[in-house]
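As stored in my_file-v8.txt (compact mmCIF, C-alpha atoms):
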# COMPACT_ATOMS: atom_id res chain seq x y z
CA MET L 1 184.60 157.14 126.83
CA GLN L 2 187.91 156.42 128.59
CA ARG L 3 187.23 159.20 131.07
CA CYS L 4 183.74 157.81 131.69
CA ALA L 5 185.31 154.43 132.41
CA GLN L 6 187.36 156.18 135.11
CA GLY L 7 184.19 157.56 136.70
CA ASP L 8 184.48 161.11 135.32
CA ARG L 9 180.99 162.60 135.67
CA ALA L 10 181.85 165.70 133.60
CA ALA L 11 182.93 163.48 130.73
CA PHE L 12 179.70 161.53 131.06
CA ARG L 13 177.69 164.75 130.89
CA ALA L 14 179.61 165.79 127.77
CA LEU L 15 178.86 162.40 126.24
CA TYR L 16 175.19 162.85 127.08
CA ASP L 17 175.06 166.37 125.61
CA ARG L 18 176.66 165.17 122.41
CA HIS L 19 174.69 161.99 121.80
CA ALA L 20 171.39 162.07 123.72
CA ALA L 21 169.40 163.65 120.88
CA ARG L 22 170.48 160.95 118.43
CA LEU L 23 169.83 158.12 120.88
CA TYR L 24 166.44 159.56 121.85
CA ALA L 25 165.43 159.83 118.20
CA VAL L 26 166.49 156.23 117.57
CA ALA L 27 164.47 155.07 120.60
CA MET L 28 161.46 157.16 119.56
CA ARG L 29 161.38 155.57 116.09
CA ILE L 30 161.24 152.10 117.65
CA THR L 31 159.04 152.65 120.73
CA ARG L 32 156.87 155.48 119.29
CA HIS L 33 156.18 156.79 122.75
CA ALA L 34 157.97 159.66 124.48
CA ASN L 35 157.87 158.07 127.95
CA LEU L 36 159.18 154.74 126.71
CA ALA L 37 161.85 156.38 124.55
CA ALA L 38 163.07 158.46 127.50
CA ASP L 39 163.14 155.37 129.69
CA THR L 40 165.05 153.45 127.03
CA VAL L 41 167.67 156.19 126.70
CA GLN L 42 168.02 156.49 130.44
CA GLU L 43 168.63 152.75 130.80
CA ALA L 44 171.08 152.87 127.89
CA PHE L 45 173.10 155.66 129.51
CA ILE L 46 173.17 153.79 132.81
CA GLN L 47 174.54 150.81 130.89
CA ILE L 48 177.08 153.09 129.15
CA TRP L 49 178.23 154.45 132.53
CA GLN L 50 178.52 151.01 134.06
CA ASN L 51 180.14 149.31 131.06
CA ALA L 52 182.31 152.07 129.60
CA ARG L 53 185.39 149.96 130.34
CA GLN L 54 184.08 147.25 128.05
CA PHE L 55 183.95 149.59 125.07
CA ASP L 56 186.54 148.51 122.52
CA SER L 57 187.35 151.18 119.94
CA ALA L 58 188.87 148.50 117.71
CA ARG L 59 185.37 147.10 117.16
CA GLY L 60 183.70 150.37 116.19
CA SER L 61 182.95 153.95 117.16
CA ALA L 62 181.69 155.04 120.56
CA GLU L 63 178.55 156.44 118.95
CA GLY L 64 177.93 153.13 117.17
CA TRP L 65 178.30 151.27 120.45
CA MET L 66 175.88 153.60 122.23
CA ILE L 67 173.36 153.45 119.40
CA GLY L 68 173.56 149.66 119.51
CA LEU L 69 172.84 149.60 123.25
CA THR L 70 169.88 151.92 122.75
CA ARG L 71 168.46 150.00 119.80
CA TYR L 72 168.65 146.62 121.53
CA ARG L 73 166.99 148.06 124.64
CA ALA L 74 164.22 149.63 122.60
CA LEU L 75 163.73 146.44 120.56
CA ASP L 76 163.64 144.34 123.71
CA LEU L 77 161.03 146.64 125.25
CA VAL L 78 158.69 146.66 122.25
CA ARG L 79 159.00 142.90 121.78
CA ARG L 80 158.17 142.25 125.43
CA ALA L 81 155.28 144.73 125.39
CA GLY L 82 153.74 142.68 122.60
CA PRO L 83 152.19 143.46 119.24
CA ALA L 84 149.80 146.11 120.55
CA LEU L 85 152.62 148.62 121.03
CA GLN L 86 153.64 148.97 117.41
CA PRO L 87 150.53 150.16 115.56
CA LEU L 88 149.75 152.77 118.18
CA GLY L 89 151.30 156.20 118.07
CA GLU L 90 153.24 157.73 115.26
CA GLU L 91 153.23 156.06 111.86
CA PRO L 92 156.54 155.20 110.19
CA ASP L 93 158.16 158.09 108.37
CA THR L 94 158.49 156.17 105.12
CA ALA L 95 159.58 159.24 103.13
CA ALA L 96 162.82 159.26 105.12
CA PHE L 97 163.60 155.78 103.85
CA ASP L 98 164.20 157.07 100.35
CA GLN L 99 166.55 159.85 101.44
CA LEU L 100 169.64 157.70 101.31
CA ASP L 101 171.85 160.68 100.50
CA LYS L 102 171.80 161.35 104.25
CA LEU L 103 174.18 158.42 104.53
CA ASP L 104 176.84 160.26 102.55
CA THR L 105 178.35 162.01 105.57
CA THR L 106 180.80 159.16 106.14
CA ALA L 107 182.75 156.76 103.94
CA ASP L 108 180.98 153.77 105.50
CA GLY L 109 177.66 155.50 104.90
CA ARG L 110 178.46 156.15 101.25
CA ALA L 111 179.42 152.52 100.74
CA LEU L 112 176.21 151.35 102.39
CA ARG L 113 174.11 153.71 100.28
CA GLN L 114 175.70 152.44 97.07
CA CYS L 115 175.02 148.84 98.09
CA LEU L 116 171.46 149.58 99.20
CA GLU L 117 170.76 151.24 95.86
CA ARG L 118 171.64 148.00 94.12
CA LEU L 119 168.72 146.33 95.87
CA GLU L 120 165.24 146.54 94.37
CA PRO L 121 163.37 149.46 96.01
CA SER L 122 160.90 147.14 97.78
CA ARG L 123 163.71 145.01 99.25
CA ARG L 124 165.66 148.12 100.21
CA ARG L 125 162.64 149.51 102.02
CA LEU L 126 162.19 146.29 104.00
CA VAL L 127 165.78 146.39 105.21
CA VAL L 128 165.68 150.07 106.15
CA MET L 129 162.30 149.77 107.83
CA ALA L 130 163.41 146.82 109.94
CA PHE L 131 166.51 148.67 111.11
CA VAL L 132 165.04 152.13 111.68
CA GLU L 133 161.56 151.21 112.91
CA GLY L 134 162.51 147.96 114.61
CA PHE L 135 159.86 145.97 112.77
CA SER L 136 160.14 142.22 113.20
CA HIS L 137 159.56 139.76 110.37
CA ALA L 138 155.96 139.34 111.51
CA GLU L 139 155.32 143.08 111.72
CA LEU L 140 156.80 143.64 108.28
CA ALA L 141 154.59 140.87 106.91
CA ALA L 142 151.53 142.57 108.40
CA GLN L 143 152.61 146.03 107.26
CA PHE L 144 153.22 145.04 103.65
CA VAL L 145 150.57 142.26 103.51
CA ILE L 146 153.15 139.73 102.36
CA PRO L 147 153.38 136.11 103.61
CA LEU L 148 155.78 135.73 106.54
CA GLY L 149 157.91 133.16 104.73
CA THR L 150 158.35 135.50 101.78
CA ILE L 151 159.41 138.33 104.09
CA LYS L 152 161.97 136.12 105.81
CA SER L 153 163.52 134.85 102.59
CA THR L 154 163.52 138.33 101.01
CA ILE L 155 165.30 139.86 103.99
CA ARG L 156 167.80 137.04 104.15
CA ARG L 157 168.64 137.45 100.46
CA SER L 158 168.85 141.22 100.86
CA LEU L 159 171.31 140.92 103.74
CA ALA L 160 173.40 138.43 101.75
CA SER L 161 173.50 140.90 98.83
CA LEU L 162 174.53 143.73 101.14
CA ARG L 163 177.27 141.65 102.72
CA GLU L 164 178.64 140.63 99.33
CA CYS L 165 178.57 144.22 98.06
CA LEU L 166 180.10 145.76 101.20
CA ASP L 167 182.86 143.15 101.46
CA ALA L 168 183.78 143.41 97.77
CA MET S 15 166.12 129.78 112.89
CA SER S 16 167.35 126.23 112.47
CA GLY S 17 169.75 125.76 109.60
CA THR S 18 170.82 129.40 109.53
CA SER S 19 174.47 130.38 109.52
CA ASP S 20 176.10 132.57 112.17
CA ASP S 21 176.29 135.34 109.63
CA ASP S 22 172.55 135.09 108.89
CA ARG S 23 171.67 135.09 112.57
CA ALA S 24 174.00 138.01 113.28
CA GLY S 25 172.60 140.05 110.38
CA LEU S 26 168.98 139.41 111.33
CA TYR S 27 169.72 140.21 114.96
CA VAL S 28 171.39 143.53 114.19
CA LEU S 29 168.71 144.41 111.66
CA GLY S 30 166.09 143.99 114.39
CA ALA S 31 163.90 141.54 112.49
CA LEU S 32 163.84 138.79 115.12
CA ASN S 33 161.10 138.17 117.66
CA ALA S 34 161.74 138.20 121.42
CA GLU S 35 162.57 134.49 121.66
CA GLU S 36 164.93 134.59 118.69
CA MET S 37 166.63 137.74 120.00
CA ARG S 38 167.24 136.11 123.35
CA ALA S 39 168.57 132.96 121.70
CA VAL S 40 171.10 134.97 119.69
CA GLN S 41 172.15 136.98 122.78
CA LEU S 42 172.72 133.79 124.77
CA ALA S 43 174.59 132.14 121.91
CA ALA S 44 176.78 135.22 121.34
CA ALA S 45 177.75 135.25 125.01
CA ARG S 46 179.24 131.76 124.55
CA ASP S 47 180.40 131.98 120.95
CA PRO S 48 183.08 134.59 120.14
CA GLU S 49 182.68 134.01 116.41
CA LEU S 50 179.00 134.86 116.53
CA ALA S 51 179.76 137.90 118.70
CA ALA S 52 182.33 139.00 116.13
CA GLU S 53 179.81 138.54 113.31
CA ILE S 54 177.37 140.71 115.22
CA ALA S 55 180.01 143.42 115.60
CA VAL S 56 180.70 143.29 111.86
CA TRP S 57 177.00 143.67 111.03
CA GLU S 58 176.71 146.52 113.50
CA ARG S 59 179.46 148.36 111.65
CA ARG S 60 177.87 147.59 108.29
CA LEU S 61 174.42 148.88 109.20
CA ALA S 62 175.26 151.63 111.71
CA PRO S 63 175.22 154.41 109.07
CA LEU S 64 171.45 153.83 108.69
CA THR S 65 170.86 155.74 111.91
CA ALA S 66 171.67 158.89 109.90
CA LEU S 67 168.14 158.51 108.47
CA VAL S 68 166.72 159.41 111.89
CA GLU S 69 166.73 163.12 112.61
CA PRO S 70 168.10 163.87 116.10
CA GLN S 71 165.39 164.85 118.54
CA GLU S 72 166.03 166.62 121.83
CA PRO S 73 164.95 164.50 124.80
CA PRO S 74 162.96 166.15 127.60
CA PRO S 75 165.25 168.14 129.95
CA SER S 76 164.01 165.99 132.82
CA LEU S 77 165.86 163.00 131.33
CA TRP S 78 169.24 164.28 132.50
CA ILE S 79 167.89 165.17 135.96
CA GLN S 80 166.56 161.66 136.44
CA LEU S 81 169.68 160.09 135.00
CA GLU S 82 171.89 162.07 137.36
CA ALA S 83 169.74 160.97 140.31
CA ARG S 84 170.18 157.35 139.21
CA LEU S 85 173.94 157.77 139.00
CA MET S 86 174.09 159.19 142.50
CA ARG S 87 172.12 156.25 143.85
CA ILE S 88 174.28 153.77 141.95
CA SER S 89 177.45 155.29 143.35
CA GLY S 90 176.13 155.10 146.89
CA ALA S 91 174.43 151.74 146.71
CA PRO S 92 176.18 148.74 148.20
CA ASP S 93 176.07 145.26 146.69
CA ARG S 94 175.09 146.49 143.29
CA VAL S 95 174.14 143.83 140.77
CA ALA S 96 173.45 145.01 137.22
CA GLU S 97 170.56 147.45 137.47
CA VAL S 98 169.14 146.22 140.72
CA TYR S 99 170.11 148.10 143.83
CA GLN S 100 169.87 147.13 147.42
CA VAL S 101 167.96 149.44 149.69
CA PRO S 102 170.54 150.81 152.15
CA HIS S 103 170.31 148.58 155.19
CA GLN S 104 168.72 150.23 158.19
CA ARG S 105 168.61 148.84 161.66
CA ALA S 106 165.10 147.72 162.52
CA LYS S 107 163.37 150.11 164.87
CA PRO S 108 159.97 149.81 166.50
CA ARG S 109 157.51 151.60 164.30
CA ARG S 110 154.28 153.26 165.21
CA ARG S 111 151.16 151.83 163.66
CA GLY S 112 150.64 153.41 160.24
CA THR S 113 154.26 154.47 159.86
CA PRO S 114 155.69 153.33 156.54
CA SER S 115 158.67 150.97 156.54
CA PRO S 116 162.07 152.70 156.18
CA ALA S 117 162.42 151.45 152.64
CA LEU S 118 158.94 152.57 151.72
CA ALA S 119 159.44 155.91 153.44
CA TRP S 120 162.71 156.35 151.59
CA TRP S 121 160.98 155.65 148.33
CA ARG S 122 158.06 157.87 149.14
CA ASN S 123 160.44 160.69 149.93
CA ALA S 124 162.25 159.99 146.71
CA ALA S 125 158.96 159.95 144.82
CA TYR S 126 157.72 163.18 146.34
CA GLY S 127 161.10 164.79 145.87
CA ALA S 128 161.13 163.76 142.26
CA MET S 129 157.65 165.13 141.75
CA ALA S 130 158.67 168.33 143.47
CA VAL S 131 161.27 169.06 140.86
CA ALA S 132 158.43 168.44 138.41
CA ALA S 133 160.66 166.93 135.83
CA VAL S 134 160.51 163.20 136.14
CA LEU S 135 160.52 160.66 133.38
CA ALA S 136 158.64 157.46 133.06
CA VAL S 137 161.15 155.50 134.95
CA ALA S 138 161.25 152.57 137.24
CA LEU S 139 164.03 152.10 139.69
CA VAL S 140 163.95 148.70 141.15
CA TYR S 141 165.23 148.13 144.63
CA LYS S 142 165.46 144.85 146.42
CA ALA S 143 165.04 145.04 150.17
CA PRO S 144 167.38 142.83 152.20
CA ALA S 145 164.63 141.07 154.13
CA PRO S 146 162.01 140.25 153.21
CA ARG S 147 163.00 140.30 149.58
CA SER S 148 160.28 142.59 148.37
CA LYS S 149 161.04 144.60 145.27
CA LEU S 150 160.01 148.20 144.89
CA ALA S 151 159.40 149.83 141.54
CA MET S 152 158.53 153.45 140.91
CA LEU S 153 156.65 154.40 137.77
CA LEU S 154 156.56 158.13 137.14
CA PRO S 155 155.51 160.14 134.09
CA ALA S 156 157.53 162.46 131.90
CA ARG S 157 155.38 165.53 132.36
CA PRO S 158 155.29 167.52 135.58
CA GLY S 159 152.05 167.57 137.53
CA GLU S 160 151.10 164.04 136.60
CA GLY S 161 151.36 160.99 138.78
CA GLY S 162 152.51 157.41 138.80
CA TRP S 163 152.71 154.42 141.09
CA LEU S 164 154.96 153.03 143.73
CA LEU S 165 154.80 149.27 143.31
CA THR S 166 155.85 146.76 145.91
CA VAL S 167 156.27 143.22 144.62
CA LYS S 168 156.15 140.90 147.61
CA PRO S 169 157.82 137.48 147.76
CA ASN S 170 154.41 135.78 147.61
CA GLY S 171 153.66 137.49 144.29
CA GLU S 172 151.31 140.06 145.79
CA ILE S 173 151.71 143.51 144.26
CA VAL S 174 150.80 146.58 146.28
CA ALA S 175 150.35 149.68 144.12
CA ASP S 176 150.33 153.10 145.79
CA ALA S 177 149.01 155.78 143.44
CA GLN S 178 151.17 158.92 143.62
CA GLY S 179 150.11 162.33 142.36
CA ALA S 180 147.41 163.06 139.79
CA LEU S 181 146.71 160.25 137.37
CA SER S 182 144.45 161.13 134.48
CA ARG S 183 142.33 158.76 132.42
CA GLY S 184 138.95 158.77 130.70
CA LEU S 185 135.84 157.63 132.57
CA ASP S 186 135.70 154.61 130.31
CA GLN S 187 139.36 153.69 130.80
CA ASP S 188 141.51 151.74 133.24
CA TYR S 189 145.25 151.36 133.72
CA GLU S 190 146.35 147.73 133.52
CA LEU S 191 149.60 146.25 134.82
CA TRP S 192 151.55 143.64 132.83
CA ALA S 193 154.74 141.63 133.18
CA GLY S 194 156.89 141.39 130.07
CA GLU S 195 159.27 138.46 130.53
CA ASP S 196 162.70 138.37 128.97
CA GLY S 197 162.51 136.34 125.77
CA SER S 198 158.72 136.51 125.46
CA ASP S 199 156.74 138.68 123.09
CA ARG S 200 153.48 138.20 124.95
CA PRO S 201 153.19 140.05 128.27
CA VAL S 202 151.02 138.51 130.96
CA PRO S 203 148.20 140.54 132.54
CA LEU S 204 148.54 141.15 136.28
CA GLY S 205 145.54 143.34 137.09
CA LEU S 206 144.06 146.82 137.11
CA LEU S 207 145.67 149.75 138.93
CA SER S 208 143.61 152.24 140.90
CA VAL S 209 144.41 155.91 140.22
CA THR S 210 143.92 156.84 143.88
CA GLY S 211 145.00 155.24 147.12
CA GLN S 212 146.28 151.72 147.27
CA SER S 213 145.37 148.70 145.19
CA VAL S 214 146.49 145.16 145.92
CA ILE S 215 146.93 142.68 143.09
CA LYS S 216 147.17 139.02 144.02
CA THR S 217 148.68 137.13 141.16
CA SER S 218 150.51 133.93 140.44
CA ALA S 219 151.40 135.11 136.95
CA LEU S 220 154.68 136.88 137.74
CA PRO S 221 157.62 135.29 135.90
CA THR S 222 159.62 133.05 138.22
CA ARG S 223 162.60 132.13 136.06
CA ARG S 224 163.63 135.16 134.06
CA ASN S 225 163.84 138.91 134.54
CA TYR S 226 160.78 140.87 133.59
CA LEU S 227 159.61 144.42 132.96
CA LEU S 228 156.55 145.88 134.64
CA LEU S 229 154.45 147.63 132.00
CA VAL S 230 151.31 149.73 132.32
CA SER S 231 148.86 150.17 129.45
CA LEU S 232 145.79 152.37 129.22
CA GLU S 233 142.85 150.11 128.40
CA LYS S 234 139.11 150.29 128.03
CA LYS S 235 137.16 150.02 131.29
CA GLY S 236 137.69 146.62 132.86
CA GLY S 237 141.01 146.00 131.10
CA SER S 238 142.01 144.18 127.96
CA VAL S 239 139.84 141.20 127.13
CA SER S 240 142.27 139.79 124.58
CA GLY S 241 145.01 138.88 127.07
CA ILE S 242 147.49 141.32 125.51
CA PRO S 243 147.73 145.12 125.78
CA THR S 244 145.34 146.76 123.34
CA GLY S 245 145.86 150.33 124.50
CA PRO S 246 149.08 152.34 124.54
CA VAL S 247 151.81 151.15 126.88
CA VAL S 248 152.60 154.28 128.86
CA PHE S 249 154.99 153.15 131.59
CA SER S 250 157.80 150.64 131.71
CA SER S 251 160.20 149.63 134.44
CA SER S 252 163.81 148.55 134.50
CA GLU S 253 164.52 144.86 134.76
CA VAL S 254 162.89 143.18 137.75
CA PRO S 255 164.56 139.96 138.89
CA PRO S 256 162.30 136.91 139.29
This entry written out as structure tokens:
Amino acid sequence: MQRCAQGDRAAFRALYDRHAARLYAVAMRITRHANLAADTVQEAFIQIWQNARQFDSARGSAEGWMIGLTRYRALDLVRRAGPALQPLGEEPDTAAFDQLDKLDTTADGRALRQCLERLEPSRRRLVVMAFVEGFSHAELAAQFVIPLGTIKSTIRRSLASLRECLDA
Amino acid sequence: MSGTSDDDRAGLYVLGALNAEEMRAVQLAAARDPELAAEIAVWERRLAPLTALVEPQEPPPSLWIQLEARLMRISGAPDRVAEVYQVPHQRAKPRRRGTPSPALAWWRNAAYGAMAVAAVLAVALVYKAPAPRSKLAMLLPARPGEGGWLLTVKPNGEIVADAQGALSRGLDQDYELWAGEDGSDRPVPLGLLSVTGQSVIKTSALPTRRNYLLLVSLEKKGGSVSGIPTGPVVFSSSEVPP
């Protein structure tokens, strides 16, 4: 990332080769459209190139920073495109939500898995679905046929439980 | 979100559960409030491992080609502001009737060149001409052999759409253009796009205060009657300044 900040194109290409597949997959889950996912990733990489100097390794990993940029871009796009975008295209891969052992590749992932497993399965699924699929409160309410207020309070309590568990 | 703590707002923002207006409010607040920005960073670290649930998926090879072309233009573009680039200034020359403006010709060349390599993504590169301050957006598809549009947004709100290449759609379908404003989760309809030649959309609906995205959806003949996209959104642009 430091070399990218100095305008090193080769370093940028290496960064792309290493992370593009992950970022594209993240964008695909949220936008559910190949064109829009590709556009999201392209804009994210432009932002990475232009703002590489702002990356602060003390606040997290380079991959985490890039995934964040991609997620927020994808979320912004689907929110602005309106509710019609979400139900069209690929359905959520809900089976993946129960495969929390995939988180075990890192210490942070293991800690998050242990804390997620303390949540009731339905609450856990809401949290994972919001993060991975980019579903808003309203979309989750429609997906699970649960009142909006109940969704909001459930998610808020779930996040509070996660915070308490992870900070313990 | 009244009555919510910074930590709640940060967690909900990172989770992705907020609507467009709430997202924008948190982004604006975080830009002024270091504590909220720090809370967001903490939640990002907490939840980041969840991306391991998404299997990596190779992007189309054309993504790198288009990205590299963008980088070259960024490096050579003067007066760059965020993702908006000035069209290189060219001295005005007398033009023959029917000759495209230098900026338009540049873009057309760019569009045809991009199509020639047959590996172009759905991408919009927004250029702002020095005078008049028209904005040009190019919407091109991911697959080779398909077409897109070159859009010119004029200062008076008029949008001129030049169809480029082969654009496919069903006989009972139309492409409809929308503006998705920053902070809004309801895009505004601008009009239908012709798949051949030039179409001119006169609209007063373009956002005037905030950046917006130009979006194209594939609708039933005549366009959406509900006021929001009902068909798939198949093209999106970069940010267009108001």
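Minimum atom-to-atom distances from S:Val40, S:Leu229, S:Leu150, S:Ala180 to S:Asp22 were compared using all atoms listed in the file, and the lowest value belongs to S:Val40.
Restricting the calculation to all atoms listed in the file, the smallest distance between chain S and any of L:Arg110, L:Arg9, L:Arg118, L:Arg80 is found for L:Arg80.
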Checklist entry - Taking all atoms listed in the file into account, which residues of chain L are within 8 Å of chain S, as a PyMOL selection string? => result chain L and resi 20-26+29+33-36+38-39+42-43+45-46+59-60+64+68+75-76+79-85+88-89+96-97+99-100+102-103+106+108-109+112+127-128+130-132+134-137+156+159-160+166
Create the file for the chosen residues now, containing C-alpha atoms and written as a PDB file, in the frame of the given file.
ATOM      1  CA  ALA L  20     171.390 162.070 123.720  1.00  0.00           C
ATOM      2  CA  ALA L  21     169.400 163.650 120.880  1.00  0.00           C
ATOM      3  CA  ARG L  22     170.480 160.950 118.430  1.00  0.00           C
ATOM      4  CA  LEU L  23     169.830 158.120 120.880  1.00  0.00           C
ATOM      5  CA  TYR L  24     166.440 159.560 121.850  1.00  0.00           C
ATOM      6  CA  ALA L  25     165.430 159.830 118.200  1.00  0.00           C
ATOM      7  CA  VAL L  26     166.490 156.230 117.570  1.00  0.00           C
ATOM      8  CA  ARG L  29     161.380 155.570 116.090  1.00  0.00           C
ATOM      9  CA  HIS L  33     156.180 156.790 122.750  1.00  0.00           C
ATOM     10  CA  ALA L  34     157.970 159.660 124.480  1.00  0.00           C
ATOM     11  CA  ASN L  35     157.870 158.070 127.950  1.00  0.00           C
ATOM     12  CA  LEU L  36     159.180 154.740 126.710  1.00  0.00           C
ATOM     13  CA  ALA L  38     163.070 158.460 127.500  1.00  0.00           C
ATOM     14  CA  ASP L  39     163.140 155.370 129.690  1.00  0.00           C
ATOM     15  CA  GLN L  42     168.020 156.490 130.440  1.00  0.00           C
ATOM     16  CA  GLU L  43     168.630 152.750 130.800  1.00  0.00           C
ATOM     17  CA  PHE L  45     173.100 155.660 129.510  1.00  0.00           C
ATOM     18  CA  ILE L  46     173.170 153.790 132.810  1.00  0.00           C
ATOM     19  CA  ARG L  59     185.370 147.100 117.160  1.00  0.00           C
ATOM     20  CA  GLY L  60     183.700 150.370 116.190  1.00  0.00           C
ATOM     21  CA  GLY L  64     177.930 153.130 117.170  1.00  0.00           C
ATOM     22  CA  GLY L  68     173.560 149.660 119.510  1.00  0.00           C
ATOM     23  CA  LEU L  75     163.730 146.440 120.560  1.00  0.00           C
ATOM     24  CA  ASP L  76     163.640 144.340 123.710  1.00  0.00           C
ATOM     25  CA  ARG L  79     159.000 142.900 121.780  1.00  0.00           C
ATOM     26  CA  ARG L  80     158.170 142.250 125.430  1.00  0.00           C
ATOM     27  CA  ALA L  81     155.280 144.730 125.390  1.00  0.00           C
ATOM     28  CA  GLY L  82     153.740 142.680 122.600  1.00  0.00           C
ATOM     29  CA  PRO L  83     152.190 143.460 119.240  1.00  0.00           C
ATOM     30  CA  ALA L  84     149.800 146.110 120.550  1.00  0.00           C
ATOM     31  CA  LEU L  85     152.620 148.620 121.030  1.00  0.00           C
ATOM     32  CA  LEU L  88     149.750 152.770 118.180  1.00  0.00           C
ATOM     33  CA  GLY L  89     151.300 156.200 118.070  1.00  0.00           C
ATOM     34  CA  ALA L  96     162.820 159.260 105.120  1.00  0.00           C
ATOM     35  CA  PHE L  97     163.600 155.780 103.850  1.00  0.00           C
ATOM     36  CA  GLN L  99     166.550 159.850 101.440  1.00  0.00           C
ATOM     37  CA  LEU L 100     169.640 157.700 101.310  1.00  0.00           C
ATOM     38  CA  LYS L 102     171.800 161.350 104.250  1.00  0.00           C
ATOM     39  CA  LEU L 103     174.180 158.420 104.530  1.00  0.00           C
ATOM     40  CA  THR L 106     180.800 159.160 106.140  1.00  0.00           C
ATOM     41  CA  ASP L 108     180.980 153.770 105.500  1.00  0.00           C
ATOM     42  CA  GLY L 109     177.660 155.500 104.900  1.00  0.00           C
ATOM     43  CA  LEU L 112     176.210 151.350 102.390  1.00  0.00           C
ATOM     44  CA  VAL L 127     165.780 146.390 105.210  1.00  0.00           C
ATOM     45  CA  VAL L 128     165.680 150.070 106.150  1.00  0.00           C
ATOM     46  CA  ALA L 130     163.410 146.820 109.940  1.00  0.00           C
ATOM     47  CA  PHE L 131     166.510 148.670 111.110  1.00  0.00           C
ATOM     48  CA  VAL L 132     165.040 152.130 111.680  1.00  0.00           C
ATOM     49  CA  GLY L 134     162.510 147.960 114.610  1.00  0.00           C
ATOM     50  CA  PHE L 135     159.860 145.970 112.770  1.00  0.00           C
ATOM     51  CA  SER L 136     160.140 142.220 113.200  1.00  0.00           C
ATOM     52  CA  HIS L 137     159.560 139.760 110.370  1.00  0.00           C
ATOM     53  CA  ARG L 156     167.800 137.040 104.150  1.00  0.00           C
ATOM     54  CA  LEU L 159     171.310 140.920 103.740  1.00  0.00           C
ATOM     55  CA  ALA L 160     173.400 138.430 101.750  1.00  0.00           C
ATOM     56  CA  LEU L 166     180.100 145.760 101.200  1.00  0.00           C
TER      57      LEU L 166
END
Checklist outcome for this item: Computed gap from atom CA of L:Gln6 to atom CA of L:Phe55 is 12.5 Å
Item to check | For atom CA of L:Gln114 and atom CA of L:Cys165, the interatomic separation in Å (one decimal) | outcome: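 Here the two named atoms are 8.8 Å from each other.
Our summary of the geometry notes that atom CA of S:Leu207 is positioned 8.9 Å from atom CA of S:Asp176.
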Emit as lines of an AutoDock Vina configuration file the padded axis-aligned box for all listed atoms of stretch 226-242 of chain S, 4 Å per side, with centre and edge lengths in Å to one decimal.
center_x = 149.0
center_y = 145.6
center_z = 129.6
size_x = 31.6
size_y = 21.5
size_z = 18.1
Checklist entry - Using only C-alpha atoms, which residues sit within 9 Å of L:Arg73 once same-chain residues fewer than 5 positions away are excluded, as a VMD selection string? => result chain L and resid 27 40 to 41 43 to 44 68 78
Dig up all the protein and nucleic acid residues within 6 Å of (147.8, 142.9, 144.1) in the file frame, using all atoms listed in the file, and format them as a PDB file with C-alpha atoms, in the frame of the given file.
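This went into out31.pdb:
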ATOM      1  CA  GLU S 172     151.310 140.060 145.790  1.00  0.00           C
ATOM      2  CA  ILE S 173     151.710 143.510 144.260  1.00  0.00           C
ATOM      3  CA  VAL S 174     150.800 146.580 146.280  1.00  0.00           C
ATOM      4  CA  VAL S 214     146.490 145.160 145.920  1.00  0.00           C
ATOM      5  CA  ILE S 215     146.930 142.680 143.090  1.00  0.00           C
ATOM      6  CA  LYS S 216     147.170 139.020 144.020  1.00  0.00           C
TER       7      LYS S 216
END
Next on the checklist: Which residues are close to S:Pro256, i.e. within 9 Å by all atoms listed in the file, leaving aside same-chain residues fewer than 4 positions away? Reply as a VMD selection string.
Outcome noted: chain S and resid 220 to 226
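Proximity of L:Arg53, L:Arg13, L:Arg163, L:Lys152 to L:Glu139, computed with all atoms listed in the file, is greatest for L:Lys152.
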Within 12 Å of (161.7, 146.0, 99.5), in the coordinates the file gives, what residues turn up when you count only C-alpha atoms, written out as a compact mmCIF listing (two decimals) with C-alpha atoms, in the frame of the given file?
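Dumped everything to selection.txt:
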# COMPACT_ATOMS: atom_id res chain seq x y z
CA PHE L 97 163.60 155.78 103.85
CA ASP L 98 164.20 157.07 100.35
CA LEU L 116 171.46 149.58 99.20
CA GLU L 117 170.76 151.24 95.86
CA ARG L 118 171.64 148.00 94.12
CA LEU L 119 168.72 146.33 95.87
CA GLU L 120 165.24 146.54 94.37
CA PRO L 121 163.37 149.46 96.01
CA SER L 122 160.90 147.14 97.78
CA ARG L 123 163.71 145.01 99.25
CA ARG L 124 165.66 148.12 100.21
CA ARG L 125 162.64 149.51 102.02
CA LEU L 126 162.19 146.29 104.00
CA VAL L 127 165.78 146.39 105.21
CA VAL L 128 165.68 150.07 106.15
CA MET L 129 162.30 149.77 107.83
CA ALA L 130 163.41 146.82 109.94
CA LEU L 140 156.80 143.64 108.28
CA ALA L 141 154.59 140.87 106.91
CA GLN L 143 152.61 146.03 107.26
CA PHE L 144 153.22 145.04 103.65
CA ILE L 146 153.15 139.73 102.36
CA THR L 150 158.35 135.50 101.78
CA ILE L 151 159.41 138.33 104.09
CA LYS L 152 161.97 136.12 105.81
CA SER L 153 163.52 134.85 102.59
CA THR L 154 163.52 138.33 101.01
CA ILE L 155 165.30 139.86 103.99
CA ARG L 156 167.80 137.04 104.15
CA ARG L 157 168.64 137.45 100.46
CA SER L 158 168.85 141.22 100.86
CA LEU L 159 171.31 140.92 103.74
